[in-house]
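For reference, run.cif is printed below; it contains mmCIF, C-alpha atoms.
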data_final
loop_
_atom_site.label_atom_id
_atom_site.label_comp_id
_atom_site.auth_asym_id
_atom_site.auth_seq_id
_atom_site.Cartn_x
_atom_site.Cartn_y
_atom_site.Cartn_z
CA MET A 20 114.25 128.74 163.43
CA THR A 21 117.88 128.22 164.30
CA ALA A 22 117.59 125.32 166.75
CA GLU A 23 118.57 121.92 165.40
CA HIS A 24 115.57 119.89 164.44
CA LEU A 25 114.61 116.38 163.46
CA ASP A 26 112.03 115.65 160.81
CA GLY A 27 108.63 114.09 160.49
CA ASN A 28 110.10 110.59 160.33
CA ALA A 29 110.47 110.94 164.08
CA LEU A 30 106.68 111.21 164.39
CA ALA A 31 106.14 107.68 163.06
CA GLY A 32 106.29 105.93 166.43
CA PRO A 33 104.28 108.47 168.45
CA LEU A 34 101.59 108.78 165.73
CA ALA A 35 101.40 104.99 165.38
CA GLU A 36 99.98 104.97 168.89
CA ILE A 37 96.99 106.93 167.60
CA PHE A 38 96.46 106.05 163.94
CA ALA A 39 96.07 102.69 162.23
CA VAL A 40 97.96 103.85 159.13
CA ASP A 41 101.41 105.36 158.79
CA VAL A 42 100.72 109.08 158.79
CA THR A 43 104.31 110.10 158.01
CA ALA A 44 103.90 108.96 154.39
CA ALA A 45 100.65 110.96 154.06
CA THR A 46 100.65 114.30 152.26
CA GLY A 47 99.80 117.26 154.44
CA ARG A 48 99.01 120.79 153.36
CA CYS A 49 100.20 123.70 155.48
CA ALA A 50 97.37 125.99 156.59
CA SER A 51 99.69 128.96 156.57
CA CYS A 52 101.52 128.86 153.23
CA GLY A 53 99.74 126.06 151.37
CA LEU A 54 102.86 123.95 150.84
CA ALA A 55 101.96 120.28 150.42
CA GLY A 56 104.37 117.47 151.18
CA PRO A 57 104.87 114.32 153.18
CA ILE A 58 104.47 114.61 156.93
CA ALA A 59 107.94 113.00 157.06
CA SER A 60 109.43 116.21 155.62
CA LEU A 61 108.16 118.51 158.40
CA HIS A 62 110.75 120.00 160.74
CA VAL A 63 110.25 118.48 164.16
CA TYR A 64 111.34 120.02 167.45
CA GLY A 65 111.21 118.21 170.76
CA PRO A 66 110.69 115.74 172.27
CA GLU A 67 110.11 117.79 175.44
CA PRO A 68 107.67 119.11 176.44
CA GLY A 69 106.05 117.77 173.28
CA LEU A 70 106.76 117.23 169.60
CA VAL A 71 106.20 120.33 167.47
CA ALA A 72 106.16 119.85 163.69
CA ARG A 73 106.68 122.91 161.54
CA CYS A 74 106.28 123.48 157.81
CA SER A 75 109.59 123.11 155.95
CA GLY A 76 108.60 126.09 153.80
CA CYS A 77 107.34 128.73 156.22
CA GLU A 78 108.18 127.23 159.65
CA GLU A 79 104.64 127.71 160.95
CA VAL A 80 103.36 125.03 163.31
CA VAL A 81 101.53 122.26 161.43
CA LEU A 82 100.95 119.85 164.28
CA ARG A 83 101.80 119.34 167.91
CA LEU A 84 101.75 116.11 169.86
CA VAL A 85 102.03 115.79 173.60
CA ARG A 86 102.01 112.41 175.28
CA GLY A 87 101.08 112.38 178.93
CA PRO A 88 100.21 109.66 181.40
CA GLY A 89 97.23 107.83 179.92
CA VAL A 90 96.53 110.45 177.26
CA ALA A 91 97.80 112.00 174.04
CA TRP A 92 97.02 115.52 172.81
CA LEU A 93 97.18 116.01 169.07
CA ASP A 94 96.85 119.57 167.78
CA LEU A 95 96.45 119.73 163.98
CA ARG A 96 95.79 123.46 163.74
CA GLY A 97 98.27 124.06 160.95
CA ALA A 98 97.16 121.30 158.61
CA VAL A 99 94.42 121.97 156.05
CA SER A 100 94.26 118.36 154.99
CA LEU A 101 95.92 114.98 155.15
CA ARG A 102 95.95 112.79 152.05
CA VAL A 103 96.49 109.16 152.97
CA SER A 104 97.19 106.41 150.44
CA LEU A 105 95.16 103.32 151.23
CA PRO A 106 94.76 99.98 149.50
CA ASP A 107 91.20 99.28 148.43
CA PRO A 108 89.52 96.62 150.52
CA PRO A 109 88.69 93.67 148.25
CA ASP A 110 85.03 93.54 149.28
CA LEU A 111 84.24 97.19 148.60
CA PRO A 112 81.65 97.86 145.86
CA ASP A 113 82.77 99.99 142.90
CA LEU A 114 82.51 103.67 143.63
CA PRO A 115 82.30 106.50 141.11
CA ASP A 116 85.59 108.28 140.48
CA LEU A 117 86.21 111.03 142.97
CA PRO A 118 88.16 114.14 142.07
CA ASP A 119 91.72 114.22 143.36
CA LEU A 120 92.38 116.40 146.33
CA PRO A 121 94.98 119.05 145.67
CA GLY A 122 98.49 118.09 146.69
CA MET B 7 102.66 94.50 149.82
CA THR B 8 99.24 94.19 151.36
CA ARG B 9 99.30 93.72 155.06
CA PRO B 10 96.50 94.60 157.39
CA PRO B 11 97.24 97.75 159.36
CA ARG B 12 99.05 96.69 162.45
CA ARG B 13 99.53 99.03 165.33
CA PRO B 14 103.03 98.59 166.68
CA THR B 15 103.15 97.39 170.26
CA TRP B 16 106.04 97.19 172.69
CA ARG B 17 107.71 93.79 172.49
CA ALA B 18 110.38 92.23 174.65
CA ALA B 19 113.69 92.04 172.77
CA ARG B 20 116.62 89.93 173.94
CA LEU B 21 120.16 90.78 172.89
CA THR B 22 121.76 87.80 171.17
CA GLY B 23 124.90 89.27 169.61
CA VAL B 24 127.13 92.31 169.25
CA ARG B 25 129.53 93.41 166.49
CA PRO B 26 131.79 96.43 166.91
CA GLU B 27 131.65 98.87 163.97
CA THR B 28 133.94 101.67 165.15
CA GLY B 29 135.43 102.76 168.45
CA SER B 30 132.11 104.28 169.46
CA ALA B 31 129.46 102.33 167.54
CA ARG B 32 128.30 98.77 167.54
CA THR B 33 125.68 96.61 165.89
CA LEU B 34 123.24 94.87 168.21
CA ARG B 35 121.29 91.80 167.21
CA PHE B 36 118.02 91.25 169.06
CA GLU B 37 115.61 88.34 169.08
CA VAL B 38 112.08 89.78 169.11
CA PRO B 39 109.44 87.03 169.34
CA GLY B 40 106.51 87.81 167.04
CA TRP B 41 108.43 90.35 164.94
CA PRO B 42 106.12 91.21 162.01
CA GLY B 43 108.88 92.00 159.47
CA HIS B 44 109.86 95.41 158.11
CA LEU B 45 110.93 97.42 155.10
CA ALA B 46 114.45 98.75 154.56
CA GLY B 47 114.65 102.25 155.98
CA GLN B 48 112.12 101.80 158.76
CA HIS B 49 113.04 102.40 162.36
CA VAL B 50 112.09 101.25 165.83
CA ASP B 51 111.68 102.86 169.21
CA VAL B 52 113.80 101.28 171.92
CA ARG B 53 112.75 101.63 175.57
CA VAL B 54 115.17 100.95 178.37
CA THR B 55 113.92 100.76 181.94
CA ALA B 56 116.23 101.10 184.94
CA GLU B 57 115.83 99.08 188.13
CA ASP B 58 114.17 102.03 189.86
CA GLY B 59 111.48 102.11 187.16
CA TYR B 60 112.81 105.16 185.30
CA SER B 61 112.57 104.58 181.56
CA ALA B 62 113.82 106.38 178.48
CA GLN B 63 113.22 105.71 174.81
CA ARG B 64 115.00 106.57 171.57
CA SER B 65 114.51 105.83 167.87
CA TYR B 66 117.02 103.77 165.90
CA SER B 67 117.05 102.73 162.27
CA LEU B 68 116.96 99.04 161.46
CA ALA B 69 120.31 98.13 159.92
CA ALA B 70 119.35 94.95 158.05
CA PRO B 71 116.37 93.01 156.73
CA ALA B 72 114.64 90.87 159.33
CA ASP B 73 115.99 87.35 159.74
CA GLY B 74 112.94 85.60 161.15
CA ASP B 75 112.48 87.18 164.57
CA ALA B 76 116.00 88.62 164.59
CA ILE B 77 116.65 92.31 163.91
CA GLU B 78 119.79 94.43 163.92
CA LEU B 79 120.39 98.02 165.05
CA THR B 80 123.63 99.98 164.83
CA VAL B 81 123.99 102.44 167.68
CA GLU B 82 126.53 105.25 168.08
CA ALA B 83 127.42 106.30 171.62
CA VAL B 84 126.24 109.86 172.20
CA PRO B 85 128.19 111.45 175.07
CA ASP B 86 125.84 112.21 177.98
CA GLY B 87 123.04 110.35 176.22
CA GLU B 88 120.49 108.41 178.23
CA VAL B 89 120.03 105.33 176.09
CA SER B 90 122.99 104.98 173.71
CA PRO B 91 125.68 104.62 176.41
CA TYR B 92 123.71 101.70 177.80
CA LEU B 93 123.33 100.10 174.37
CA THR B 94 126.96 100.63 173.38
CA GLU B 95 128.77 99.94 176.65
CA VAL B 96 126.61 98.15 179.20
CA ILE B 97 124.08 95.76 177.70
CA GLU B 98 125.20 92.13 177.38
CA ALA B 99 123.90 89.10 175.54
CA GLY B 100 120.77 87.82 177.26
CA ASP B 101 119.70 91.26 178.52
CA GLU B 102 116.27 92.56 177.50
CA VAL B 103 114.95 95.89 176.29
CA GLU B 104 111.56 96.78 174.80
CA ILE B 105 111.18 97.51 171.11
CA ARG B 106 108.21 99.05 169.29
CA GLY B 107 107.95 98.95 165.55
CA PRO B 108 108.59 98.91 162.76
CA VAL B 109 107.50 102.49 162.13
CA GLY B 110 107.90 104.97 159.31
CA GLY B 111 106.59 104.48 155.79
CA TRP B 112 108.23 107.39 153.97
CA PHE B 113 111.98 106.80 154.09
CA VAL B 114 111.77 103.23 152.78
CA TRP B 115 113.02 101.31 149.75
CA ARG B 116 110.91 98.46 148.40
CA PRO B 117 112.58 95.56 146.55
CA GLU B 118 109.94 95.70 143.78
CA SER B 119 111.02 99.23 142.92
CA THR B 120 112.76 99.59 139.54
CA ALA B 121 114.19 103.14 139.63
CA PRO B 122 117.95 103.54 140.07
CA VAL B 123 118.86 104.52 143.61
CA LEU B 124 121.25 107.09 145.04
CA LEU B 125 122.05 106.75 148.72
CA VAL B 126 123.72 109.71 150.43
CA GLY B 127 124.77 109.04 154.00
CA GLY B 128 126.49 111.26 156.53
CA GLY B 129 128.05 109.54 159.54
CA ALA B 130 125.55 107.36 161.37
CA GLY B 131 123.07 108.16 158.58
CA ILE B 132 124.53 105.15 156.76
CA VAL B 133 122.44 102.78 158.91
CA PRO B 134 119.07 102.82 157.09
CA LEU B 135 120.92 103.05 153.76
CA MET B 136 122.83 99.88 154.64
CA ALA B 137 119.49 98.21 155.32
CA MET B 138 118.49 99.14 151.74
CA ILE B 139 121.77 97.76 150.31
CA ARG B 140 121.26 94.52 152.21
CA ALA B 141 117.59 94.28 151.22
CA ARG B 142 118.60 94.73 147.58
CA ARG B 143 121.14 91.93 147.86
CA LEU B 144 118.73 89.64 149.70
CA ALA B 145 116.01 90.18 147.09
CA GLY B 146 118.40 89.61 144.19
CA SER B 147 117.33 92.99 142.82
CA ARG B 148 119.30 94.23 139.80
CA VAL B 149 118.37 97.86 140.36
CA PRO B 150 121.62 99.87 140.23
CA PHE B 151 122.58 101.50 143.52
CA ARG B 152 125.14 104.19 144.23
CA LEU B 153 126.24 105.05 147.72
CA LEU B 154 127.96 108.31 148.67
CA TYR B 155 129.17 107.90 152.23
CA SER B 156 130.44 111.01 153.99
CA LEU B 157 132.64 110.40 157.01
CA ARG B 158 134.51 112.52 159.49
CA ASP B 159 137.65 110.38 159.13
CA PRO B 160 138.66 106.88 157.97
CA GLY B 161 138.19 105.40 161.44
CA SER B 162 134.50 106.24 161.62
CA ARG B 163 133.44 103.94 158.80
CA TYR B 164 130.63 101.52 159.63
CA TYR B 165 130.30 98.16 157.83
CA ALA B 166 133.83 98.59 156.45
CA ASP B 167 134.48 94.96 155.45
CA GLU B 168 131.06 94.40 153.95
CA LEU B 169 131.19 97.59 151.87
CA ARG B 170 134.66 96.65 150.62
CA ARG B 171 133.42 93.33 149.22
CA PRO B 172 132.21 93.45 145.61
CA ASP B 173 128.42 93.71 145.31
CA PRO B 174 127.43 93.76 141.61
CA GLY B 175 125.36 96.81 140.76
CA LEU B 176 126.43 98.74 143.86
CA ASP B 177 128.98 101.56 143.54
CA VAL B 178 130.43 102.98 146.74
CA ALA B 179 132.27 106.30 147.06
CA TYR B 180 133.64 107.86 150.23
CA LEU B 181 133.96 111.52 151.18
CA TYR B 182 135.85 112.68 154.24
CA SER B 183 134.92 115.86 156.05
CA ARG B 184 137.81 116.17 158.54
CA SER B 185 140.71 113.93 157.58
CA THR B 186 141.32 111.57 154.67
CA PRO B 187 143.34 108.40 154.22
CA GLU B 188 146.87 109.09 153.01
CA GLY B 189 147.02 110.01 149.34
CA TRP B 190 143.25 110.40 149.04
CA PRO B 191 142.51 112.41 145.86
CA ARG B 192 139.74 114.54 147.36
CA LEU B 193 140.50 117.13 150.02
CA ALA B 194 138.72 116.78 153.34
CA GLY B 195 135.59 118.90 153.38
CA ARG B 196 131.83 118.87 153.42
CA ILE B 197 129.80 117.48 150.57
CA MET B 198 129.86 119.55 147.36
CA LEU B 199 127.88 119.78 144.15
CA ASP B 200 130.65 117.96 142.26
CA ASP B 201 130.52 115.03 144.68
CA LEU B 202 126.85 114.50 143.90
CA ALA B 203 127.26 115.20 140.19
CA GLU B 204 130.08 112.64 139.86
CA GLY B 205 128.99 110.04 142.39
CA GLY B 206 125.26 110.21 141.78
CA TRP B 207 122.97 109.66 138.82
CA PRO B 208 121.97 112.28 136.25
CA ALA B 209 118.57 113.72 137.10
CA ASP B 210 117.37 112.47 133.69
CA PHE B 211 117.61 108.91 135.01
CA GLU B 212 114.96 109.82 137.59
CA PRO B 213 116.69 108.01 140.45
CA ASP B 214 115.15 107.69 143.88
CA CYS B 215 117.46 109.60 146.23
CA TYR B 216 117.69 108.81 149.93
CA VAL B 217 119.61 111.24 152.13
CA CYS B 218 120.23 110.48 155.79
CA GLY B 219 122.51 112.08 158.36
CA PRO B 220 122.79 115.00 160.74
CA THR B 221 120.38 117.85 160.03
CA GLY B 222 122.95 120.21 158.49
CA PHE B 223 124.32 117.49 156.21
CA VAL B 224 120.86 116.46 155.05
CA GLU B 225 119.73 120.01 154.29
CA ARG B 226 122.89 120.70 152.31
CA ALA B 227 122.87 117.43 150.35
CA ALA B 228 119.15 117.72 149.57
CA ASP B 229 119.55 121.32 148.38
CA LEU B 230 122.44 120.26 146.13
CA LEU B 231 120.38 117.43 144.65
CA LEU B 232 117.55 119.86 143.87
CA ALA B 233 120.11 122.22 142.30
CA LEU B 234 121.21 119.33 140.07
CA GLY B 235 117.64 119.02 138.82
CA HIS B 236 116.32 116.11 140.85
CA ALA B 237 112.58 116.35 141.48
CA PRO B 238 111.65 117.18 145.10
CA GLY B 239 109.37 114.14 145.21
CA ARG B 240 112.31 111.85 144.47
CA VAL B 241 114.56 113.19 147.21
CA ARG B 242 113.67 111.53 150.50
CA THR B 243 115.37 112.70 153.65
CA GLU B 244 115.80 111.58 157.22
CA ARG B 245 117.58 113.68 159.81
CA PHE B 246 119.46 112.54 162.86
CA GLY B 247 119.33 115.18 165.52
CA PRO B 248 121.51 115.95 168.51
CA THR B 249 118.52 115.47 170.76
CA GLY B 250 118.37 111.82 171.51
CA GLY B 251 121.24 109.63 172.48
#
Structure encoded using structure tokens:
Amino acid sequence: MTAEHLDGNALAGPLAEIFAVDVTAATGRCASCGLAGPIASLHVYGPEPGLVARCSGCEEVVLRLVRGPGVAWLDLRGAVSLRVSLPDPPDLPDLPDLPDLPG
Amino acid sequence: MTRPPRRPTWRAARLTGVRPETGSARTLRFEVPGWPGHLAGQHVDVRVTAEDGYSAQRSYSLAAPADGDAIELTVEAVPDGEVSPYLTEVIEAGDEVEIRGPVGGWFVWRPESTAPVLLVGGGAGIVPLMAMIRARRLAGSRVPFRLLYSLRDPGSRYYADELRRPDPGLDVAYLYSRSTPEGWPRLAGRIMLDDLAEGGWPADFEPDCYVCGPTGFVERAADLLLALGHAPGRVRTERFGPTGG
């Protein structure tokens, strides 16, 4: 891609309309090349007609976000997984250790 | 910091003060009732609505820690932009815009962090880095900071007086890409490996590196940091694009 781009930091506001946590600090894994990294590091093109976030390694589309009147379309076709850091709620019972997800 | 997840909503923001930074940039101070606080490096979306109902929004980095309900943004006028000409030339004290935020949890510095910090700013990319410098000072943090500030020319320096004042534990170095002050030892030119090797920290110190600026500057500086051995996970980047304004 030769066009100038922004990065995934620019997704923070639009994604905050949808998600209760900050997704830009989450680790995403590219479905095309397997590269894992923060959503903030994706290459973002837009904002019109929508935001298109591409892998910084292979430039394949990881996610697309289009905001229309009264609706948002979020296309996560290029993301295998999202790993989100969360504080543990204080009232949660102890759980057995879970294996780490890759990335 | 444990705060319940809070979905940012649009809030009314009233302009209470303006400080010129350069011929084309100024710092705007807004009073935002109910402002929830923010971390250094976070940004906000600003929405401006014209009398005919047409509205446009842009993202701007917060330039300073919150002071109660007061926040500061530094905005550079982008020729032919939709929002920045209004914010840099038209808006007056008492006028209102809408602000949503804070947003962004990746490009942030937390005062409880203990790793040395390297800040690499290109042009207007200094803004979130200045928020980190101010947050460090406000918190009384003794974490050593180094700032490499790349500028087109001496007249485009933001926060000139404040960066000139001594701030123990903060080293500031300037690079000029187009023209230098008279007698400046370094030739004008884009950022080089030597600039980061001399003005930064050795990779062995495992500093947290924050790089912000135009896309080309950020890609180049981040690649150079990786070439110097810094771990990819310690090099955080934020790009300013030409879209926007």
request  = With only C-alpha atoms counted, which protein, DNA or RNA residues have an atom no more than 12 Å from (127.4, 97.3, 160.1) in the file frame? Please answer as a ChimeraX atom specification.
outcome  = /B:24-28,31-35,67-70,78-82,130-137,139-140,162-170
query = Which residues fall under the PyMOL selection byres ((chain A and resi 24-39) around 8) in this file, as a PyMOL selection string?
reply = (chain A and resi 22-23+40-43+58-65+70+72) or (chain B and resi 11-14+50-51+65+106-107+109-113+221+244-247)
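Across the structure, atom CA of Pro57 of chain A and atom CA of Pro150 of chain B are spaced 25.6 Å apart.
Considering the residues A:Pro66, A:Pro109, A:Gly47, A:Gly53 and counting all atoms listed in the file, chain B has its shortest atom-to-atom contact with A:Pro66.
Residues captured in this structure file are Cys49, Ala50, Ser51, Leu61, His62, Val63, Val71, Ala72, Arg73, Cys74, Ser75, Cys77, Glu78, Glu79, Val81, Leu82, Arg83, Asp94, Leu95, Arg96, Gly97 and Ala98 of chain A, according to the PyMOL selection byres ((chain A and resi 80) around 10).
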task = On this file, the PyMOL selection byres ((chain B and resi 101) around 9) gives some set of residues; write that set as a list in words.
result = Ala19, Arg20, Leu21, Thr22, Ile97, Glu98, Ala99, Gly100, Glu102 and Val103 of chain B
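Checking A:Gly56, A:Val103, A:Arg48, A:Arg86 one by one against chain B, counting all atoms listed in the file, you find the shortest gap at A:Gly56.
From atom CA of Ser104 of chain A back to atom CA of Ala233 of chain B, the distance works out to 29.0 Å.
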Edge lengths and centre in Å to one decimal, as lines of an AutoDock Vina configuration file, is what I'm after for the box along x, y and z that holds all listed atoms of segment 52-55 of chain A once 5 Å is added on each side.
center_x = 101.3
center_y = 124.6
center_z = 151.8
size_x = 13.1
size_y = 18.6
size_z = 12.8
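Picture a line from atom CA of Leu181 of chain B to atom CA of Gly206 of chain B; it runs 12.9 Å.
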ask   = Do you know which residues are at most 12 Å from Trp207 of chain B counting all atoms listed in the file, after dropping those on the same chain fewer than 6 positions away, and could you put them as a ChimeraX atom specification?
value = /B:121-126,150-154,177,200-201,213-215,231,234-236
task = Return the single residue from A:Pro68, A:Gly87, A:Gly76, A:Pro106 that is closest to chain B, with distances computed using only C-alpha atoms.
result = A:Pro106
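Compared by their closest atoms to chain B, and using all atoms listed in the file, the residues A:Leu105, A:Val99, A:Cys52, A:Ala91 rank with A:Leu105 nearest.
Take the candidates B:Gly205, B:Gly195, B:Gly43, B:Pro108 and check each one against chain A using all atoms listed in the file; the shortest distance goes to B:Pro108.
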message = Using all atoms listed in the file, which protein or nucleic acid residues come within 7 Å of Val224 of chain B? Drop anything in the same chain fewer than 5 positions from it, and give the result as a PyMOL selection string.
response = chain B and resi 217-219+243+245
Generate the output file for the selected residues, C-alpha atoms, as an mmCIF file, in the coordinates of the input.
data_model
loop_
_atom_site.group_PDB
_atom_site.id
_atom_site.type_symbol
_atom_site.label_atom_id
_atom_site.label_comp_id
_atom_site.auth_asym_id
_atom_site.auth_seq_id
_atom_site.Cartn_x
_atom_site.Cartn_y
_atom_site.Cartn_z
ATOM 1 C CA VAL B 217 119.610 111.240 152.130
ATOM 2 C CA CYS B 218 120.230 110.480 155.790
ATOM 3 C CA GLY B 219 122.510 112.080 158.360
ATOM 4 C CA THR B 243 115.370 112.700 153.650
ATOM 5 C CA ARG B 245 117.580 113.680 159.810
#
